[in-house]
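Visitor: Next comes my_file.csv, CSV, C-alpha atoms:
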chain,number,residue,atom,x,y,z
H,1,MET,CA,2.2,2.2,-14.5
H,2,PHE,CA,-0.5,-0.4,-13.9
H,3,VAL,CA,-0.4,-3.6,-12.1
H,4,TYR,CA,-2.7,-6.5,-13.3
H,5,GLU,CA,-3.0,-9.1,-10.6
H,6,TYR,CA,-4.1,-12.7,-11.1
H,7,ARG,CA,-4.8,-15.5,-8.7
H,8,VAL,CA,-3.0,-18.8,-9.4
H,9,ASN,CA,-3.5,-22.3,-7.9
H,10,PRO,CA,-0.1,-24.0,-8.0
H,11,LYS,CA,0.3,-27.7,-7.4
H,12,PRO,CA,2.2,-28.9,-4.3
H,13,GLN,CA,5.5,-29.3,-6.1
H,14,GLN,CA,5.0,-25.8,-7.7
H,15,ILE,CA,4.4,-24.3,-4.2
H,16,THR,CA,7.7,-25.8,-3.1
H,17,ALA,CA,9.5,-24.3,-6.1
H,18,ILE,CA,7.9,-20.9,-5.6
H,19,ASP,CA,8.8,-20.8,-1.9
H,20,GLU,CA,12.4,-21.8,-2.8
H,21,ALA,CA,12.6,-19.0,-5.4
H,22,ILE,CA,11.3,-16.5,-2.7
H,23,ARG,CA,13.8,-17.7,-0.2
H,24,THR,CA,16.6,-17.4,-2.7
H,25,ALA,CA,15.7,-13.8,-3.5
H,26,GLN,CA,15.7,-13.1,0.3
H,27,PHE,CA,19.1,-14.8,0.6
H,28,VAL,CA,20.6,-12.6,-2.1
H,29,ARG,CA,19.1,-9.5,-0.6
H,30,ASN,CA,20.5,-10.3,2.9
H,31,LYS,CA,23.9,-11.2,1.6
H,32,VAL,CA,24.2,-8.0,-0.4
H,33,LEU,CA,23.1,-6.0,2.6
H,34,ARG,CA,25.7,-7.7,4.8
H,35,TYR,CA,28.3,-6.9,2.1
H,36,TRP,CA,27.3,-3.2,2.2
H,37,MET,CA,27.4,-3.1,6.0
H,38,ASP,CA,30.9,-4.7,6.1
H,39,ASN,CA,32.2,-2.4,3.3
H,40,ARG,CA,30.6,0.9,4.0
H,41,GLY,CA,30.8,3.2,1.0
H,42,VAL,CA,30.4,0.6,-1.7
H,43,GLY,CA,28.1,1.6,-4.5
H,44,LYS,CA,25.7,0.1,-7.0
H,45,THR,CA,28.4,-1.4,-9.2
H,46,GLU,CA,30.1,-3.2,-6.4
H,47,MET,CA,26.8,-4.6,-5.2
H,48,PHE,CA,25.9,-6.1,-8.6
H,49,ARG,CA,29.4,-7.5,-8.9
H,50,TYR,CA,28.9,-9.2,-5.5
H,51,ASN,CA,25.6,-10.6,-6.8
H,52,THR,CA,27.5,-12.2,-9.7
H,53,LEU,CA,29.9,-13.7,-7.3
H,54,LEU,CA,27.1,-15.2,-5.3
H,55,ARG,CA,25.7,-16.8,-8.4
H,56,LYS,CA,29.1,-18.5,-9.0
H,57,GLN,CA,29.5,-19.5,-5.4
H,58,PHE,CA,26.0,-21.0,-4.7
H,59,LYS,CA,24.2,-23.3,-7.1
H,60,PHE,CA,20.7,-22.6,-5.8
H,61,VAL,CA,21.3,-18.9,-6.5
H,62,ASP,CA,22.4,-19.6,-10.0
H,63,GLU,CA,19.2,-21.6,-10.5
H,64,LEU,CA,17.2,-18.4,-10.0
H,65,ASN,CA,16.8,-16.1,-13.0
H,66,CYS,CA,19.6,-13.5,-13.1
H,67,HIS,CA,17.1,-10.6,-13.4
H,68,ALA,CA,15.3,-11.9,-10.3
H,69,CYS,CA,18.6,-11.7,-8.4
H,70,GLN,CA,19.1,-8.2,-9.8
H,71,THR,CA,15.8,-7.1,-8.4
H,72,ALA,CA,16.8,-8.4,-5.0
H,73,VAL,CA,19.9,-6.1,-5.2
H,74,GLU,CA,17.7,-3.2,-6.3
H,75,ARG,CA,15.7,-3.6,-3.1
H,76,VAL,CA,18.8,-3.2,-1.1
H,77,LEU,CA,19.7,-0.1,-3.1
H,78,ARG,CA,16.3,1.5,-2.4
H,79,ALA,CA,16.7,0.8,1.3
H,80,VAL,CA,20.2,2.3,1.4
H,81,ASN,CA,19.3,5.4,-0.7
H,82,ARG,CA,16.2,6.0,1.5
H,83,PHE,CA,18.3,5.8,4.6
H,84,TYR,CA,20.9,8.3,3.3
H,85,SER,CA,18.1,10.6,2.1
H,86,ASN,CA,16.5,10.6,5.5
H,87,CYS,CA,19.8,11.4,7.1
H,88,GLN,CA,20.5,14.3,4.7
H,89,GLN,CA,17.0,15.8,5.2
H,90,GLN,CA,17.5,15.4,9.0
H,91,ILE,CA,14.1,13.7,9.4
H,92,PRO,CA,13.3,13.5,13.2
H,93,GLY,CA,13.2,10.1,14.8
H,94,LYS,CA,14.6,6.9,13.3
H,95,LYS,CA,16.2,7.2,9.9
H,96,GLY,CA,15.2,3.8,8.6
H,97,TYR,CA,18.5,1.9,8.7
H,98,PRO,CA,18.3,-1.1,6.4
H,99,LYS,CA,17.4,-4.4,8.1
H,100,PHE,CA,17.7,-8.0,7.2
H,101,LYS,CA,14.5,-9.7,5.9
H,102,LYS,CA,13.3,-13.0,7.4
H,103,ASP,CA,9.8,-13.2,5.9
H,104,THR,CA,10.0,-12.1,2.3
H,105,ARG,CA,6.8,-12.9,0.4
H,106,SER,CA,7.6,-12.2,-3.2
H,107,VAL,CA,10.1,-12.7,-6.0
H,108,GLU,CA,10.3,-10.4,-9.0
H,109,TYR,CA,11.4,-11.0,-12.5
H,110,LYS,CA,12.1,-8.5,-15.2
H,111,VAL,CA,11.8,-9.1,-18.9
H,112,SER,CA,13.3,-12.7,-18.9
H,113,GLY,CA,12.6,-15.8,-16.9
H,114,TRP,CA,9.0,-16.1,-17.9
H,115,LYS,CA,6.8,-16.6,-21.0
H,116,LEU,CA,3.1,-16.0,-21.7
H,117,SER,CA,1.0,-18.5,-23.7
H,118,GLU,CA,-0.5,-17.5,-27.0
H,119,ASN,CA,-3.9,-16.8,-25.5
H,120,ARG,CA,-2.2,-15.1,-22.5
H,121,LYS,CA,-4.1,-17.2,-20.0
H,122,HIS,CA,-1.0,-19.1,-18.7
H,123,ILE,CA,2.5,-18.0,-17.7
H,124,THR,CA,5.5,-20.3,-17.7
H,125,PHE,CA,8.6,-19.5,-15.6
H,126,THR,CA,11.7,-20.8,-17.5
H,127,ASP,CA,14.4,-20.6,-14.9
H,128,LYS,CA,15.8,-23.7,-13.2
H,129,LYS,CA,13.7,-23.4,-10.1
H,130,GLY,CA,11.1,-25.6,-11.7
H,131,ILE,CA,8.0,-23.5,-11.1
H,132,GLY,CA,6.6,-24.4,-14.5
H,133,SER,CA,3.3,-23.3,-16.0
H,134,LEU,CA,0.5,-21.5,-14.0
H,135,LYS,CA,-3.0,-20.7,-15.0
H,136,LEU,CA,-3.9,-17.0,-14.6
H,137,ARG,CA,-7.3,-16.4,-12.9
H,138,GLY,CA,-8.6,-12.8,-13.1
H,139,SER,CA,-10.8,-10.3,-15.0
H,140,ARG,CA,-8.0,-8.3,-16.7
H,141,ASP,CA,-7.2,-9.2,-20.3
H,142,LEU,CA,-3.5,-9.1,-21.1
H,143,ASN,CA,-4.3,-9.2,-24.9
H,144,PHE,CA,-4.8,-5.5,-24.8
H,145,SER,CA,-1.2,-4.9,-23.8
H,146,GLN,CA,1.9,-5.5,-25.8
H,147,ILE,CA,4.6,-7.8,-24.4
H,148,GLU,CA,7.1,-4.9,-24.5
H,149,GLN,CA,4.8,-3.0,-22.1
H,150,ILE,CA,5.2,-5.6,-19.4
H,151,LYS,CA,8.2,-4.4,-17.4
H,152,ARG,CA,8.1,-6.7,-14.3
H,153,VAL,CA,6.4,-9.9,-13.2
H,154,ARG,CA,6.1,-10.7,-9.6
H,155,ILE,CA,5.0,-13.9,-7.8
H,156,LEU,CA,3.4,-12.9,-4.5
H,157,ARG,CA,2.5,-15.1,-1.5
H,158,ARG,CA,-0.4,-14.0,0.7
H,159,ALA,CA,-2.3,-15.6,3.5
H,160,ASP,CA,-5.0,-16.8,1.2
H,161,GLY,CA,-2.8,-18.1,-1.6
H,162,TYR,CA,-0.5,-17.1,-4.4
H,163,TYR,CA,-0.8,-14.3,-7.0
H,164,VAL,CA,1.0,-13.2,-10.1
H,165,GLN,CA,1.3,-9.5,-10.8
H,166,PHE,CA,2.2,-7.8,-14.1
H,167,LEU,CA,3.7,-4.3,-14.1
H,168,VAL,CA,2.4,-2.7,-17.4
H,169,GLN,CA,3.7,0.6,-18.6
H,170,LEU,CA,0.6,2.7,-19.1
H,171,ASP,CA,-0.5,6.1,-18.0
H,172,PRO,CA,-3.8,6.0,-15.9
H,173,ARG,CA,-5.0,9.1,-17.7
H,174,ASP,CA,-4.9,7.3,-21.1
H,175,THR,CA,-7.3,4.5,-19.9
H,176,VAL,CA,-10.3,6.7,-19.0
H,177,LYS,CA,-12.5,9.1,-20.9
H,178,PRO,CA,-12.6,12.8,-19.7
H,179,LEU,CA,-15.4,13.4,-17.2
H,180,ILE,CA,-18.0,16.2,-17.7
H,181,PRO,CA,-17.2,19.0,-15.3
H,182,SER,CA,-19.6,18.9,-12.4
H,183,GLN,CA,-18.9,22.6,-11.5
H,184,LYS,CA,-18.8,21.6,-7.8
H,185,ALA,CA,-16.2,21.9,-5.0
H,186,VAL,CA,-16.2,20.1,-1.7
H,187,GLY,CA,-14.3,20.1,1.5
H,188,ILE,CA,-13.7,17.0,3.6
H,189,ASP,CA,-13.2,16.6,7.3
H,190,LEU,CA,-12.1,13.2,8.4
H,191,GLY,CA,-13.1,11.9,11.8
H,192,ILE,CA,-13.6,8.9,14.1
H,193,LYS,CA,-17.3,9.1,15.0
H,194,TYR,CA,-18.0,9.6,11.3
H,195,PHE,CA,-15.5,8.5,8.6
H,196,LEU,CA,-16.0,12.0,7.0
H,197,ALA,CA,-18.3,14.9,6.8
H,198,ASP,CA,-18.2,17.2,3.7
H,199,SER,CA,-19.0,20.9,3.2
H,200,GLN,CA,-22.3,20.0,1.5
H,201,GLY,CA,-23.7,18.5,4.7
H,202,ASN,CA,-23.3,14.9,3.9
H,203,ILE,CA,-21.9,12.4,6.4
H,204,GLU,CA,-20.2,9.0,5.7
H,205,PRO,CA,-20.6,6.5,8.5
H,206,ASN,CA,-17.4,4.9,9.8
H,207,PRO,CA,-17.7,1.1,9.1
H,208,GLN,CA,-15.0,0.2,11.7
H,209,PHE,CA,-14.0,-3.1,10.0
H,210,TYR,CA,-11.4,-3.9,12.6
H,211,ARG,CA,-13.7,-3.3,15.5
H,212,GLN,CA,-16.3,-5.5,13.9
H,213,GLY,CA,-13.9,-8.4,13.5
H,214,GLU,CA,-12.0,-7.8,16.7
H,215,ARG,CA,-13.8,-10.6,18.6
H,216,ARG,CA,-13.1,-13.1,15.9
H,217,LEU,CA,-9.5,-12.0,15.6
H,218,SER,CA,-9.0,-12.4,19.4
H,219,ARG,CA,-10.4,-15.9,19.3
H,220,LEU,CA,-8.2,-16.9,16.4
H,221,ASN,CA,-5.2,-15.4,18.1
H,222,ARG,CA,-5.9,-17.4,21.3
H,223,GLN,CA,-6.2,-20.6,19.3
H,224,LYS,CA,-2.8,-19.9,17.7
H,225,SER,CA,-1.1,-19.1,21.0
H,226,LYS,CA,-2.4,-22.3,22.6
H,227,LYS,CA,-0.6,-24.3,19.9
H,228,TYR,CA,2.7,-22.5,20.2
H,229,ARG,CA,5.6,-24.4,21.7
H,230,LYS,CA,8.5,-22.3,22.8
H,231,GLY,CA,11.9,-23.6,21.8
H,232,GLN,CA,10.4,-26.5,19.8
H,233,PRO,CA,9.5,-27.0,16.1
H,234,GLN,CA,5.9,-25.9,15.6
H,235,SER,CA,3.3,-28.4,14.7
H,236,GLN,CA,1.1,-28.4,11.6
H,237,ASN,CA,-1.9,-27.4,13.8
H,238,TYR,CA,0.0,-24.3,14.8
H,239,HIS,CA,0.7,-23.3,11.2
H,240,LYS,CA,-3.0,-23.9,10.3
H,241,ALA,CA,-4.1,-21.7,13.2
H,242,ARG,CA,-1.6,-19.0,12.1
H,243,GLN,CA,-3.0,-19.1,8.6
H,244,ARG,CA,-6.5,-18.7,9.8
H,245,TYR,CA,-5.5,-15.7,11.9
H,246,ALA,CA,-3.6,-14.1,8.9
H,247,ARG,CA,-6.5,-14.7,6.5
H,248,LYS,CA,-8.9,-12.8,8.9
H,249,HIS,CA,-6.5,-9.9,9.1
H,250,LEU,CA,-6.2,-9.9,5.3
H,251,LYS,CA,-10.0,-9.8,5.0
H,252,VAL,CA,-10.2,-6.8,7.3
H,253,SER,CA,-7.5,-4.9,5.4
H,254,ARG,CA,-9.2,-5.6,2.0
H,255,GLN,CA,-12.6,-4.4,3.4
H,256,ARG,CA,-11.0,-1.2,4.5
H,257,GLU,CA,-9.1,-0.7,1.2
H,258,GLU,CA,-12.3,-1.3,-0.9
H,259,PHE,CA,-14.3,1.1,1.2
H,260,VAL,CA,-11.9,4.1,1.0
H,261,LYS,CA,-11.3,3.4,-2.7
H,262,ARG,CA,-15.1,3.5,-3.4
H,263,VAL,CA,-15.6,6.7,-1.3
H,264,ALA,CA,-12.6,8.5,-2.9
H,265,LEU,CA,-13.7,7.6,-6.4
H,266,ARG,CA,-17.2,8.9,-5.7
H,267,PHE,CA,-15.9,12.3,-4.5
H,268,ILE,CA,-13.6,12.7,-7.5
H,269,LYS,CA,-16.3,11.9,-10.0
H,270,SER,CA,-18.9,14.2,-8.5
H,271,ASN,CA,-16.6,17.2,-7.8
H,272,ASP,CA,-14.1,19.2,-9.7
H,273,LEU,CA,-12.2,20.3,-6.6
H,274,VAL,CA,-11.7,18.3,-3.4
H,275,ALA,CA,-10.0,19.9,-0.4
H,276,TYR,CA,-9.0,17.7,2.6
H,277,GLU,CA,-7.0,18.0,5.8
H,278,ASP,CA,-3.2,17.5,5.7
H,279,LEU,CA,-3.2,15.3,8.8
H,280,ASN,CA,-0.1,14.0,10.4
H,281,VAL,CA,-1.4,10.5,10.9
H,282,LYS,CA,2.0,9.1,11.9
H,283,GLY,CA,2.1,11.4,14.8
H,284,MET,CA,-1.6,11.1,15.7
H,285,VAL,CA,-1.4,7.3,16.2
H,286,LYS,CA,1.1,7.8,19.0
H,287,ASN,CA,-1.9,8.6,21.2
H,288,ARG,CA,-2.5,5.2,22.7
H,289,ARG,CA,-6.2,6.0,23.4
H,290,LEU,CA,-7.0,6.8,19.8
H,291,ALA,CA,-4.4,4.8,17.9
H,292,LYS,CA,-6.7,1.8,17.2
H,293,SER,CA,-9.6,3.9,16.0
H,294,ILE,CA,-7.4,6.1,13.8
H,295,SER,CA,-5.7,3.1,12.2
H,296,ASP,CA,-9.1,1.4,11.7
H,297,ALA,CA,-10.4,4.5,9.8
H,298,GLY,CA,-7.7,4.3,7.1
H,299,TRP,CA,-7.2,8.1,6.7
H,300,SER,CA,-3.8,7.8,5.0
H,301,LYS,CA,-5.0,5.2,2.5
H,302,PHE,CA,-8.0,7.4,1.7
H,303,ARG,CA,-5.8,10.3,1.0
H,304,GLN,CA,-3.6,8.3,-1.3
H,305,TRP,CA,-6.5,7.0,-3.4
H,306,LEU,CA,-8.0,10.5,-3.5
H,307,ASP,CA,-4.8,11.9,-5.0
H,308,TYR,CA,-4.5,9.0,-7.4
H,309,PHE,CA,-8.1,9.3,-8.7
H,310,GLY,CA,-7.6,13.1,-8.9
H,311,TYR,CA,-4.6,12.6,-11.1
H,312,LYS,CA,-6.3,9.9,-13.2
H,313,TYR,CA,-9.5,11.9,-13.9
H,314,GLY,CA,-7.8,15.3,-14.1
H,315,LYS,CA,-9.5,16.8,-11.0
H,316,ILE,CA,-8.0,19.1,-8.4
H,317,THR,CA,-7.1,17.7,-4.9
H,318,ILE,CA,-5.7,20.1,-2.3
H,319,ALA,CA,-4.3,19.3,1.1
H,320,VAL,CA,-4.8,22.2,3.6
H,321,ALA,CA,-3.4,22.7,7.1
H,322,PRO,CA,-5.9,21.4,9.7
H,323,HIS,CA,-5.1,24.1,12.3
H,324,ASN,CA,-8.3,25.6,13.8
H,325,THR,CA,-10.6,24.2,11.2
H,326,SER,CA,-12.8,22.8,13.9
H,327,LYS,CA,-12.7,25.9,16.1
H,328,ASN,CA,-13.2,28.7,13.6
H,329,CYS,CA,-16.7,29.7,12.7
H,330,SER,CA,-17.3,29.1,9.0
H,331,ASN,CA,-19.9,31.9,8.9
H,332,CYS,CA,-18.0,34.8,10.6
H,333,GLY,CA,-14.5,33.5,11.0
H,334,ASN,CA,-14.2,34.0,14.8
H,335,LYS,CA,-12.6,31.3,16.9
H,336,VAL,CA,-14.9,29.3,19.2
H,337,GLN,CA,-13.2,27.2,21.8
H,338,LYS,CA,-14.8,23.7,22.2
H,339,SER,CA,-13.8,20.4,23.7
H,340,LEU,CA,-13.7,17.1,21.7
H,341,SER,CA,-16.9,16.0,23.4
H,342,ASN,CA,-18.8,19.0,22.0
H,343,ARG,CA,-20.1,17.8,18.6
H,344,THR,CA,-22.1,20.9,17.8
H,345,HIS,CA,-20.7,24.2,16.7
H,346,VAL,CA,-22.5,27.2,18.3
H,347,CYS,CA,-21.0,30.6,17.5
H,348,PRO,CA,-21.7,33.2,20.2
H,349,HIS,CA,-20.7,36.0,17.8
H,350,CYS,CA,-23.1,35.4,14.9
H,351,GLY,CA,-25.4,32.7,16.3
H,352,PHE,CA,-24.4,30.2,13.6
H,353,ILE,CA,-25.2,26.6,14.6
H,354,GLU,CA,-23.9,23.6,12.7
H,355,ASP,CA,-22.5,20.1,13.2
H,356,ARG,CA,-18.9,20.4,14.3
H,357,ASP,CA,-17.5,18.2,11.4
H,358,ILE,CA,-19.6,20.0,8.8
H,359,ASN,CA,-18.4,23.3,10.0
H,360,ALA,CA,-14.8,22.1,9.8
H,361,ALA,CA,-15.4,20.8,6.3
H,362,ILE,CA,-16.6,24.3,5.2
H,363,ASN,CA,-13.5,25.8,6.6
H,364,ILE,CA,-11.3,23.3,4.8
H,365,LEU,CA,-13.1,24.1,1.5
H,366,GLN,CA,-12.5,27.8,2.1
H,367,LYS,CA,-8.8,27.2,2.7
H,368,GLY,CA,-8.6,25.0,-0.4
H,369,LEU,CA,-10.2,27.7,-2.6
H,370,SER,CA,-7.7,30.3,-1.3
H,371,THR,CA,-4.8,28.2,-2.7
H,372,VAL,CA,-6.6,26.8,-5.8
H,373,GLY,CA,-4.0,28.5,-8.0
H,374,HIS,CA,-1.5,25.9,-6.8
H,375,THR,CA,-3.8,23.0,-8.1
H,376,GLU,CA,-2.7,19.5,-7.0
H,377,SER,CA,-1.6,18.9,-3.4
H,378,TYR,CA,1.7,17.3,-4.5
H,379,GLN,CA,2.6,20.7,-6.1
H,380,LEU,CA,2.3,22.2,-2.6
H,381,GLY,CA,5.3,20.3,-1.4
H,382,GLU,CA,3.8,16.8,-1.3
H,383,SER,CA,5.0,13.9,-3.3
H,384,ASP,CA,3.6,12.6,-6.5
H,385,PRO,CA,0.3,10.7,-5.6
H,386,LEU,CA,1.3,7.8,-7.9
H,387,VAL,CA,4.7,7.4,-6.3
H,388,SER,CA,3.4,7.6,-2.7
H,389,LEU,CA,0.7,5.0,-3.4
H,390,GLU,CA,3.3,2.7,-4.9
H,391,GLN,CA,5.6,3.0,-1.9
H,392,SER,CA,2.8,2.4,0.6
H,393,CYS,CA,1.5,-0.7,-1.1
H,394,GLY,CA,4.7,-2.1,-2.3
H,395,VAL,CA,3.4,-2.3,-5.9
H,396,THR,CA,2.5,0.1,-8.7
H,397,ILE,CA,-1.3,0.6,-8.7
H,398,GLY,CA,-3.6,0.9,-11.7
H,399,LEU,CA,-7.3,0.5,-12.3
Would you mind giving the structure from this file in structure tokens?
Guide:
Amino acid sequence: MFVYEYRVNPKPQQITAIDEAIRTAQFVRNKVLRYWMDNRGVGKTEMFRYNTLLRKQFKFVDELNCHACQTAVERVLRAVNRFYSNCQQQIPGKKGYPKFKKDTRSVEYKVSGWKLSENRKHITFTDKKGIGSLKLRGSRDLNFSQIEQIKRVRILRRADGYYVQFLVQLDPRDTVKPLIPSQKAVGIDLGIKYFLADSQGNIEPNPQFYRQGERRLSRLNRQKSKKYRKGQPQSQNYHKARQRYARKHLKVSRQREEFVKRVALRFIKSNDLVAYEDLNVKGMVKNRRLAKSISDAGWSKFRQWLDYFGYKYGKITIAVAPHNTSKNCSNCGNKVQKSLSNRTHVCPHCGFIEDRDINAAINILQKGLSTVGHTESYQLGESDPLVSLEQSCGVTIGL
């Protein structure tokens, strides 16, 4: 599945209609969730029947396309099924009990409620919300896709404006030409001082986008806080300050996303096998001293893009256990105790001297080669890289 995203510039009356459609979808989701909470044990059929009842009871719900209301119910079903699955698998910690939404930012249509123009440069939403026609601004050409391949259309509100996304049924492997084998394999050690070090001796600096923008973010946050009035309706100046703060956060996240995407693609194109650490990032960020630096590095996002590009270009990606990769000597295999402040590996057994991260990357590659018969990491007990990337981003990703 691919997602083609386009920027749109709606008029003020269209913005009002889009926001109303988003609020209606949120209303349906929350009402169906309340129905499930009050009638524990109801299934999919009862939820959709309750959605039909809501359309008859509330006029503003009936004005929204019926398929858009169904997608709101499907969001509840996914939340409920995920909760039950976590309980059955006895996942430690919170099980993800479904919660009500108060800041939904998208409304999703299926195969009805919208229509593309002949040149496929405009989209018109045909339900009774009155959104009307929007001009699509983007580099992707929808003329290469059949209408039957477009399975979903989503209107998305972000801090910097509105977007329209098209979910197109395509396999990523069908859109690229096979790469010439490079006959190379590499191991990757992720870090904080450096973003990564590989087994070939290369080091990628850590850009630290959040650290660079932290002063600006703090100033914008102070400006927003000064305009906040507790227990009173907020002024337009407060909402403007909040938007400026949100746009800066969005810029930082986009910078981090593009960086990890570019690095992951480079490694996949230049190597036939990529081995990396299977880090428990969710547990590591509980360390309050390192949480900000770990989150700023974007390790999880890098791993998702690495698996995705490996699937797309037919390369092997292997996640290996990180235990003792920094302590073991990559030359003789003996364990060498060292603290986090010691950045150089010096083996007293064989005299091997190397950078700590590069030594770990070589150990990671050796572990990866020992399990190369299992091929992709998601066949080693991990989830499908396409599915995991979709769940983390909230959309289906394609390039």
Visitor: Neighbouring residues of Ile22 in chain H were defined as those with any atom within 7 Å, considering only C-alpha atoms; residues of the same chain fewer than 6 positions away were excluded. Please report them as number ranges by chain.
Guide: H: 104-107
Visitor: Every residue with an atom at most 9 Å from (-4.0, 20.5, 2.9) (file coordinates; only C-alpha atoms) is what I'm after, so could you write them as a PyMOL selection string?
Guide: chain H and resi 275-279+317-322+364+367-368+377+380
Visitor: Considering only C-alpha atoms, state which residue in the set H:Val263, H:Leu77, H:Ala72, H:Ile268 is at the smallest distance from Gln183 in chain H.
Guide: H:Ile268
Visitor: What separation in Å, quoted to one decimal, exists between CA of Tyr4 in chain H and CA of Leu167 in chain H?
Guide: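 Separating CA of Tyr4 in chain H from CA of Leu167 in chain H is a distance of 6.8 Å.
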Visitor: Using all atoms listed in the file, can you tell me which of H:Ser341, H:Ser253, H:Thr71, H:Gln366 comes closest to Asn328 in chain H?
Guide: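 Once distances to Asn328 in chain H are computed over all atoms listed in the file, the minimum belongs to H:Gln366.
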Visitor: I'd like the contact shell of Ile150 in chain H - 12 Å cut-off, all atoms listed in the file, skipping same-chain residues fewer than 6 positions apart - returned as a PDB file with C-alpha atoms, in the coordinates of the input.
Guide:
ATOM      1  CA  MET H   1       2.200   2.200 -14.500  1.00  0.00           C
ATOM      2  CA  PHE H   2      -0.500  -0.400 -13.900  1.00  0.00           C
ATOM      3  CA  VAL H   3      -0.400  -3.600 -12.100  1.00  0.00           C
ATOM      4  CA  TYR H   4      -2.700  -6.500 -13.300  1.00  0.00           C
ATOM      5  CA  TYR H 109      11.400 -11.000 -12.500  1.00  0.00           C
ATOM      6  CA  LYS H 110      12.100  -8.500 -15.200  1.00  0.00           C
ATOM      7  CA  VAL H 111      11.800  -9.100 -18.900  1.00  0.00           C
ATOM      8  CA  SER H 112      13.300 -12.700 -18.900  1.00  0.00           C
ATOM      9  CA  TRP H 114       9.000 -16.100 -17.900  1.00  0.00           C
ATOM     10  CA  LYS H 115       6.800 -16.600 -21.000  1.00  0.00           C
ATOM     11  CA  LEU H 116       3.100 -16.000 -21.700  1.00  0.00           C
ATOM     12  CA  LEU H 142      -3.500  -9.100 -21.100  1.00  0.00           C
ATOM     13  CA  ASN H 143      -4.300  -9.200 -24.900  1.00  0.00           C
ATOM     14  CA  PHE H 144      -4.800  -5.500 -24.800  1.00  0.00           C
ATOM     15  CA  GLN H 165       1.300  -9.500 -10.800  1.00  0.00           C
ATOM     16  CA  PHE H 166       2.200  -7.800 -14.100  1.00  0.00           C
ATOM     17  CA  LEU H 167       3.700  -4.300 -14.100  1.00  0.00           C
ATOM     18  CA  VAL H 168       2.400  -2.700 -17.400  1.00  0.00           C
ATOM     19  CA  GLN H 169       3.700   0.600 -18.600  1.00  0.00           C
ATOM     20  CA  LEU H 170       0.600   2.700 -19.100  1.00  0.00           C
TER      21      LEU H 170
END
Visitor: Dump as JSON, numbers by chain all residues having an atom at most 9 Å from (-15.3, 36.5, 16.0), computed in the file's coordinates with only C-alpha atoms.
Guide: {"H": [328, 329, 332, 333, 334, 335, 336, 347, 348, 349, 350]}
Visitor: Would you pick out the contacts of range 120-122 of chain H at 10 Å or less, using all atoms listed in the file, so that residues sharing its chain but fewer than 6 positions from it are not included, and give the list as a JSON list (two decimals) with C-alpha atoms, in the coordinates of the input?
Guide:
[["chain", "number", "residue", "atom", "x", "y", "z"],
["H", 6, "TYR", "CA", -4.10, -12.70, -11.10],
["H", 8, "VAL", "CA", -3.00, -18.80, -9.40],
["H", 133, "SER", "CA", 3.30, -23.30, -16.00],
["H", 134, "LEU", "CA", 0.50, -21.50, -14.00],
["H", 135, "LYS", "CA", -3.00, -20.70, -15.00],
["H", 136, "LEU", "CA", -3.90, -17.00, -14.60],
["H", 137, "ARG", "CA", -7.30, -16.40, -12.90],
["H", 138, "GLY", "CA", -8.60, -12.80, -13.10],
["H", 141, "ASP", "CA", -7.20, -9.20, -20.30],
["H", 142, "LEU", "CA", -3.50, -9.10, -21.10],
["H", 143, "ASN", "CA", -4.30, -9.20, -24.90]]
Visitor: Can you work out which one of H:Tyr245, H:Phe60, H:Trp305, H:Tyr311 has the shortest atom-to-atom distance to Glu214 in chain H, counting only C-alpha atoms?
Guide: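 Checking each candidate against Glu214 in chain H, we get H:Tyr245 as the closest.
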Visitor: Just want the 10 Å neighbourhood of Lys251 in chain H, counted on all atoms listed in the file, with same-chain residues fewer than 3 positions away dropped. Output as number ranges by chain.
Guide: H: 159-160, 209-210, 213, 246-248, 254-257
Visitor: Nearest residue to His249 in chain H out of H:Asn287, H:Asn81, H:Asn65, H:Asn221, using all atoms listed in the file?
Guide: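 Of H:Asn287, H:Asn81, H:Asn65, H:Asn221, the one nearest His249 in chain H is H:Asn221, counting all atoms listed in the file.
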Visitor: Can you work out the spacing between CA of Arg266 in chain H and CA of Leu179 in chain H in Å, to one decimal?
Guide: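 That distance, rounded to one decimal, is 12.5 Å.
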Visitor: I need the residue nearest Phe259 in chain H from this list: H:Arg216, H:Met284, H:Glu204, H:Gln243. Use only C-alpha atoms for the distance.
Guide: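 The answer is H:Glu204, which sits nearest to Phe259 in chain H.
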Visitor: Counting only C-alpha atoms, figure out which residue out of H:Lys193, H:His345, H:Lys224, H:Arg7 gets nearest to Asp296 in chain H.
Guide: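 Nearest candidate to Asp296 in chain H out of H:Lys193, H:His345, H:Lys224, H:Arg7: H:Lys193.
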Visitor: Expressed in Å to a single decimal, how great is the separation between CA of Lys292 in chain H and CA of Lys99 in chain H?
Guide: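 Calculated distance between CA of Lys292 in chain H and CA of Lys99 in chain H is 26.5 Å.
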Visitor: Set the distance at 10 Å and use all atoms listed in the file: which residues neighbour Val176 in chain H once local chain neighbours fewer than 4 positions away are removed? I'd like the list as a PyMOL selection string.
Guide: chain H and resi 171-172+312-313+399
